[in-house]
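See structure below.
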Amino acid sequence: MKKVCVKCLCMFIVMGFAAGGYAKEPLQPVTVQLNWVPNVEFAGILIAKEKGWYEEAGIDLTIRGWKPGVSSIEDVVSGKVQIGVAEGPEIIEAVTKGQKIKAVAAQFQKSPFCFVSKKEKGLDKPELLKGKKVGIFNQSSLMIKIVLANANLTINDVTPVEVGWDVSPLLTDQIEAYPGYMNNEPLVMKQKGFETNVIPAFKYGYDFYGNICIATDTMIRQQRDMIQRFTDVSLRGWKEAYKDPAGTAKTVVEKYYAEESVQHQTESLKVFNYLATVGIGESLIGYMEESFWQKGIDILYQFKQIEKKIPAGDVFTLEFLKK
């Protein structure tokens, strides 16, 4: 019997597995913390995961939905997660306070914040809110102040009424305008048989990017390749999600958001498509620019949300969008 070279045999086995597609690099674990529950608001990430695109890029992605007490910025800074999703104002505030994070891509060019009212009230401009009963909750207070100021009004020119996360006070005329989101409350009102007027906050001074992917400066420095792969796949996912809103909504409802209807999620995704592409088109989804970030910083300083102005370059990077 001929002697078999053990070394050659081992090399043959390894080469055979590689040729057959079995020898693969282990996937890199990455966790992304969302700032709300998984729904079409994050369709790009969800669809890309369902299609296996993160795995193809060498990433084993875990998606964490928001829960009470969770802060995506705090979890990114503490190292609990590698990527977070947050809003423009809170990112600016965090950086101003010394947090070493940066925005790497913006899912939406404009915020979905808005005022919603019954069409019969005729409230289609901020100045018409003067003397009206306006709903308010904690997360909406800054938006309300900015939009009113754009119409030379202050909170003292309206009657603020504390509200929760539903439109019931609007339906029963306890308030005349509700501070909601373009992708939700107008659709809910329509389903209940009411035509509405919508005042988009971004058209009246509330100039901030929405649903922005963030990472720490350290992560950006040490894991550039991973963040590039995550960004590339996520933006590919968004473009794919917008091609077929109904199909995307069906997948999201079946896999992640069973408590919502496919119809509502479809219409919601169409609104997000508008917010993601307004002014730039679909080819530049994710895009950010320095002047817009600086404008947001100036707004927060003007409304005393931050104690000092900082350079926009401290808040974001275009490194992963250059392609």
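Residues in the structure tokens are named by chain (A, B, ... in the order shown) and by number from 1 within that chain; ligands are numbered from 1 in the order shown.
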Which residues in stretch 85-296 of chain A does DSSP call helix (DSSP H, G or I)? List them as a PyMOL selection string.
-> chain A and resi 88-96+119-121+126-129+138-150+155-157+168-171+185-191+201-204+217-222+224-243+245-255+262-277+282-284+290-296
Show me, as a tab-separated table, the residues of stretch 211-273 of chain A having an atom within 8 Å of stretch 279-294 of chain A, each with the closest atom pair and its distance in Å, using only C-alpha atoms.
```
residue	atom	partner	partner_atom	distance
A:Leu235	CA	A:Ile285	CA	6.8
A:Trp238	CA	A:Ile285	CA	7.9
A:Lys239	CA	A:Glu282	CA	7.1
```
Could the residues in this selection be saved with C-alpha atoms as a compact mmCIF listing (two decimals), in the first residue's frame?
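Output saved as selection-v6.txt:
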```
# COMPACT_ATOMS: atom_id res chain seq x y z
CA LEU A 235 -29.10 51.77 0.89
CA TRP A 238 -34.09 51.04 0.61
CA LYS A 239 -34.02 51.29 -3.17
```
Between A:Asn211, A:Gln33, A:Thr277, A:Gln82, which one has atoms that come closest to A:Lys67, using only C-alpha atoms?
->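 Closest to A:Lys67 of all the choices is A:Gln33.
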d(atom CA of A:Phe42, atom CA of A:Leu61) in Å |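 Taking atom CA of A:Phe42 and atom CA of A:Leu61, their separation equals 13.9 Å.
Going from atom CA of A:Asp173 to atom CA of A:Lys133 covers 9.1 Å.
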